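As structure tokens, the structure follows; a few thoughts come after it.
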Amino acid sequence: MSTGNRYRTINVYSSPARALNSSSNATDECTALLGNNNREISSNKSIMQRIPWSKITQSQPATLLPSIAIGAIIWFCTPVSEDLTQTAIRILAVFVSCIFALITTSVDTSLLVLTALTLLSLTHSFQCEDKLTGDSVECRLCGSENPLTGDDYQCNGAKESFHHSLEGFSSSVVWLIFAAFHLGKAVEVTQLGRRISLLMIKMFGKRIMGLAYAIVISELLLAPVVPSNTARGGGIVHPIVHAIATTLGSTPTHDPKVGAYLMLVGNHANLVSASMYLTGMAANPIVLVKSSQLFSGVNFDFLTWLTGSIVPGLVCALSLPILLHWASGLSSDKKKQNDEESSSPTDISNTTSKFPNDGIVKHAQTELDRMGPMSAKEWQLCVVLLMCLCLWVTSSYTKLDATLVALIGIVALLHMGTLTWKDISKNTSAWDTLFWLGGFITMAHQLSDAGASTFLGHRISNMIDQFGLPPVPFLAISYFLTTFMFSSLSAHIVAFVGTFLDAGHALGAQPMILTALLAYFGALGGCMTNYSTGMAAMYYAPGYVSRSKWFIIGFQLALFYLVIYFTIGTGWWRLLGWWN
């Protein structure tokens with residue numbers, strides 16, 4: 001028994017089957033442990049995969065990171081100097097960051113402006129006034145010791161910074177745009193714009209190009225007598241252009257290319273017409289005042305201005321519809337349409353909605369018959385618009401500001417019942433533009449007050465002198481391109497024209513040619529952005545053209561204008577004897 005038990009015990013531990021089974025169990029345990037590790041790894045991978053990286057990278061904060069980085073580099077890495085103060089650096093950093101964000105992101109313009117003004121106000125990055133001396137001082141230095149007098153700067157940096165952040169909203173230009181939006185709303189509400197657009201389609205509507213040239217001609221005829229390009233473009237022409245687009249069935253969400261084309265034509269025709277006449281834009285005479293102070297032999301009056309601009313200006317104006325037809329993508333659509341027609345002749349009728357033709361003209365006549373005679377509200381609006389036009393033309397005699405004239409028109413329309421206050425309050429485009437444009441004007445003024453604009457102008461002049469470059473073309477091109485930094489053409493002229501004319505005088509530039517180029521480029525430089533003037537903001541606001549496309553087309557036209565004025569323009573001025 002004992003032997004058997006001993007044998008059986010040996011059998012239990014020495015049996016190959018048992019040993020194999022024991023080994024198998026150990027292997028299973030190891031496998032289980034490895035399996036758990038693999039499951040943990042795969043679980044971690046699945047967690048990483050579940051993170052919506054594409055949404056994160058495309059989120060609003062993420063898209064703003066490059067703009068914030070650029071602003072931070074300028075803010076913290078630009079050295080302070082006698083010419084460039086800490087406040088000037090900060091304003092420049094915020095402004096550049098905003099502009100970069102406008103180009104590269106889809107963040108609302110008003111949100112960018114609100115963020116910029118809040119940051120500048122919090123950091124006291126504005127110019128305040130010392131109550132003791134009346135001198136301009138950085139708001140961040142308020143309460144500290146003045147190194148020149150030993151007294152403390154008498155100003156409240158926190159309070160005055162906030163007040164300065166709101167300065168742009170009191171600009172008459174901003175309120176002129178605001179009023180022009182509502183005049184345009186009246187044109188829409190009364191259907192006067194629809195009636196006029198149907199009449200224009202009836203007269204010129206056999207071709208979309210005919211409508212474009214009608215817009216250009218309207219601007220060229222109005223420019224000499226309406227000295228505000230915003231009042232002319234925003235209050236008179238824009239509402240009609242918008243009405244034509246909607247009448248043709250083009251909206252920002254349905255067939256937007258036709259509307260985009262017409263909006264672009266209206267915007268750029270306004271800038272070309274503003275550049276062609278001394279009275280085409282309110283700030284144009286500033287160029288002549290500064291030029292006459294520096295160059296005694298230069299007499300650049302209304303007739304001289306028009307004589308110099310007539311040839312290059314007309315070339316630009318007549319080329320606009322053709323260039324924009326290509327840039328807005330209508331040319332490719334037309335080619336595709338022709339291919340479809342040649343391959344399927346029976347489908348011609350399906351393409352008539354894309355471009356005006358005889359069918360559209362007949363449709364316009366049918367719609368006019370359906371509208372019937374003009375209503376009382378249409379007549380009221382006609383009277384008010386005619387009154388505004390007369391007061392704008394006679395502003396040199398009446399001394400009435402263009403903005404006040406527009407507001408008088410709005411008040412008259414409200415009291416007559418042509419517009420209601422609900423029409424005003426629901427006009428969101430007007431309120432949105434009022435906000436972001438006022439903010440940009442604030443930053444533009446502060447850039448000038450802080451000395452950043454002057455600093456950049458002098459740097460450009462020094463660079464030209466250092467590299468031995470010809471002063472006239474490089475000063476003119478630099479002046480043209482710096483318009484990109486401004487939300488007001490008038491502010492750009494005020495800030496830079498004196499600096500560039502002074503630089504040209506010091507560098508021995510040909511006075512008549514330099515004056516002419518700076519005079520004409522003051523308005524033409526606004527082609528690059530949708531914030532350069534209130535009129536541009538109004539054409540951009542309906543949403544037919546994306547922000548990136550607006551900038552791309554703007555830079556294409558900028559190159560075109562520079563080529564025309566440096567070839568045809570200078571050649572024409574040589575014939576006039578301006579090079580002598």
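Identifiers for the structure tokens are assigned positionally: chains receive A, B, ... in sequence, residues are indexed from 1 per chain, and ligands are indexed from 1 in the order shown.
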Contact residues around segment 520-526 of chain A with only C-alpha atoms at 8 Å, ignoring same-chain residues under 5 positions, as a PyMOL selection string: chain A and resi 271-272+274-276+281+284+309+476+479-481+483-484+489+492-493+532-533+558+561
Could you check the closest approach to His238 of chain A for each of A:Cys128, A:Ile564, A:Leu141, A:Met538 and tell me which residue wins, using only C-alpha atoms?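 Selected residue with least distance to His238 of chain A: A:Met538.
The gap separating atom CA of Gly233 of chain A from atom CA of Val384 of chain A is 16.7 Å, in Å to one decimal.
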If you run DSSP on this backbone, which residues of segment 332-580 of chain A come out as alpha helix (DSSP H), and could you give them as a PyMOL selection string? chain A and resi 332-343+358-371+376-393+395-398+402-416+421-425+428-449+452-466+471-481+489-507+511-524+534-540+547-564+570-576
Separation of atom CA of Ser490 of chain A from atom CA of Ile568 of chain A, in Å and rounded to one decimal: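 Going from atom CA of Ser490 of chain A over to atom CA of Ile568 of chain A, I get 26.5 Å.
Nearest to Ser121 of chain A of all the residues A:Phe496, A:Thr442, A:Trp326, A:Thr420 is A:Thr442, based on only C-alpha atoms.
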Restricting the calculation to only C-alpha atoms: of A:Val216, A:Val411, A:Ile424, A:Leu303, which residue gets closest to Ile322 of chain A?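 The answer is A:Val216, which sits nearest to Ile322 of chain A.
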At a cut-off of 12 Å, using only C-alpha atoms, what residues contact Ser546 of chain A? Leave out same-chain residues fewer than 2 positions from it and give the result as JSON, numbers by chain. {"A": [102, 103, 104, 105, 106, 252, 253, 256, 257, 260, 263, 264, 328, 529, 530, 539, 540, 541, 542, 543, 544, 548, 549, 550, 551, 552, 553]}
Residue nearest Met203 of chain A - candidates A:Val361, A:Ala243, A:Val174, A:Ala444, atoms counted: only C-alpha atoms: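 Looking only at the distances to Met203 of chain A, the closest residue turns out to be A:Val361.
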Tell me which protein, DNA and RNA residues are within 12 Å of Thr123 of chain A, counting only C-alpha atoms, leaving out same-chain ones fewer than 2 positions away, and put them as a PyMOL selection string. chain A and resi 75+86-87+90-91+94+116-121+125-127+138-141+157-162+165
Write out as a ChimeraX atom specification the residues lying within 8 Å of Leu413 of chain A, counting only C-alpha atoms and excluding same-chain residues fewer than 4 positions away. /A:380-381,384,409,417-419
Selection from above, all heavy atoms, as a PDB file, in the first residue's frame, can you write it?
ATOM      1  N   GLN A 380     -41.927 109.316 -52.603  1.00  0.00           N
ATOM      2  CA  GLN A 380     -41.334 109.929 -51.413  1.00  0.00           C
ATOM      3  C   GLN A 380     -39.829 109.676 -51.370  1.00  0.00           C
ATOM      4  O   GLN A 380     -39.035 110.590 -51.091  1.00  0.00           O
ATOM      5  CB  GLN A 380     -41.994 109.350 -50.155  1.00  0.00           C
ATOM      6  CG  GLN A 380     -43.431 109.773 -49.940  1.00  0.00           C
ATOM      7  CD  GLN A 380     -44.105 108.981 -48.840  1.00  0.00           C
ATOM      8  OE1 GLN A 380     -43.502 108.088 -48.236  1.00  0.00           O
ATOM      9  NE2 GLN A 380     -45.375 109.288 -48.557  1.00  0.00           N
ATOM     10  N   LEU A 381     -39.430 108.428 -51.644  1.00  0.00           N
ATOM     11  CA  LEU A 381     -38.013 108.090 -51.629  1.00  0.00           C
ATOM     12  C   LEU A 381     -37.254 108.840 -52.723  1.00  0.00           C
ATOM     13  O   LEU A 381     -36.138 109.316 -52.495  1.00  0.00           O
ATOM     14  CB  LEU A 381     -37.832 106.584 -51.801  1.00  0.00           C
ATOM     15  CG  LEU A 381     -36.395 106.060 -51.799  1.00  0.00           C
ATOM     16  CD1 LEU A 381     -35.664 106.454 -50.524  1.00  0.00           C
ATOM     17  CD2 LEU A 381     -36.360 104.542 -51.969  1.00  0.00           C
ATOM     18  N   VAL A 384     -36.630 112.352 -51.498  1.00  0.00           N
ATOM     19  CA  VAL A 384     -35.593 112.389 -50.457  1.00  0.00           C
ATOM     20  C   VAL A 384     -34.207 112.170 -51.060  1.00  0.00           C
ATOM     21  O   VAL A 384     -33.249 112.879 -50.725  1.00  0.00           O
ATOM     22  CB  VAL A 384     -35.889 111.341 -49.367  1.00  0.00           C
ATOM     23  CG1 VAL A 384     -34.699 111.197 -48.428  1.00  0.00           C
ATOM     24  CG2 VAL A 384     -37.129 111.728 -48.584  1.00  0.00           C
ATOM     25  N   GLY A 409     -32.010 112.732 -44.486  1.00  0.00           N
ATOM     26  CA  GLY A 409     -32.803 111.883 -45.369  1.00  0.00           C
ATOM     27  C   GLY A 409     -33.473 110.741 -44.618  1.00  0.00           C
ATOM     28  O   GLY A 409     -34.653 110.443 -44.841  1.00  0.00           O
ATOM     29  N   GLY A 417     -43.122 107.781 -43.025  1.00  0.00           N
ATOM     30  CA  GLY A 417     -43.597 106.408 -43.002  1.00  0.00           C
ATOM     31  C   GLY A 417     -43.050 105.552 -44.129  1.00  0.00           C
ATOM     32  O   GLY A 417     -43.459 104.395 -44.293  1.00  0.00           O
ATOM     33  N   THR A 418     -42.125 106.114 -44.890  1.00  0.00           N
ATOM     34  CA  THR A 418     -41.497 105.327 -45.956  1.00  0.00           C
ATOM     35  C   THR A 418     -40.684 104.188 -45.359  1.00  0.00           C
ATOM     36  O   THR A 418     -40.656 103.076 -45.883  1.00  0.00           O
ATOM     37  CB  THR A 418     -40.578 106.233 -46.817  1.00  0.00           C
ATOM     38  OG1 THR A 418     -41.265 107.435 -47.149  1.00  0.00           O
ATOM     39  CG2 THR A 418     -40.143 105.523 -48.077  1.00  0.00           C
ATOM     40  N   LEU A 419     -40.014 104.484 -44.252  1.00  0.00           N
ATOM     41  CA  LEU A 419     -39.316 103.487 -43.448  1.00  0.00           C
ATOM     42  C   LEU A 419     -39.925 103.460 -42.050  1.00  0.00           C
ATOM     43  O   LEU A 419     -40.455 104.478 -41.590  1.00  0.00           O
ATOM     44  CB  LEU A 419     -37.825 103.827 -43.332  1.00  0.00           C
ATOM     45  CG  LEU A 419     -36.856 103.413 -44.439  1.00  0.00           C
ATOM     46  CD1 LEU A 419     -35.457 103.886 -44.076  1.00  0.00           C
ATOM     47  CD2 LEU A 419     -36.856 101.912 -44.650  1.00  0.00           C
TER      48      LEU A 419
END
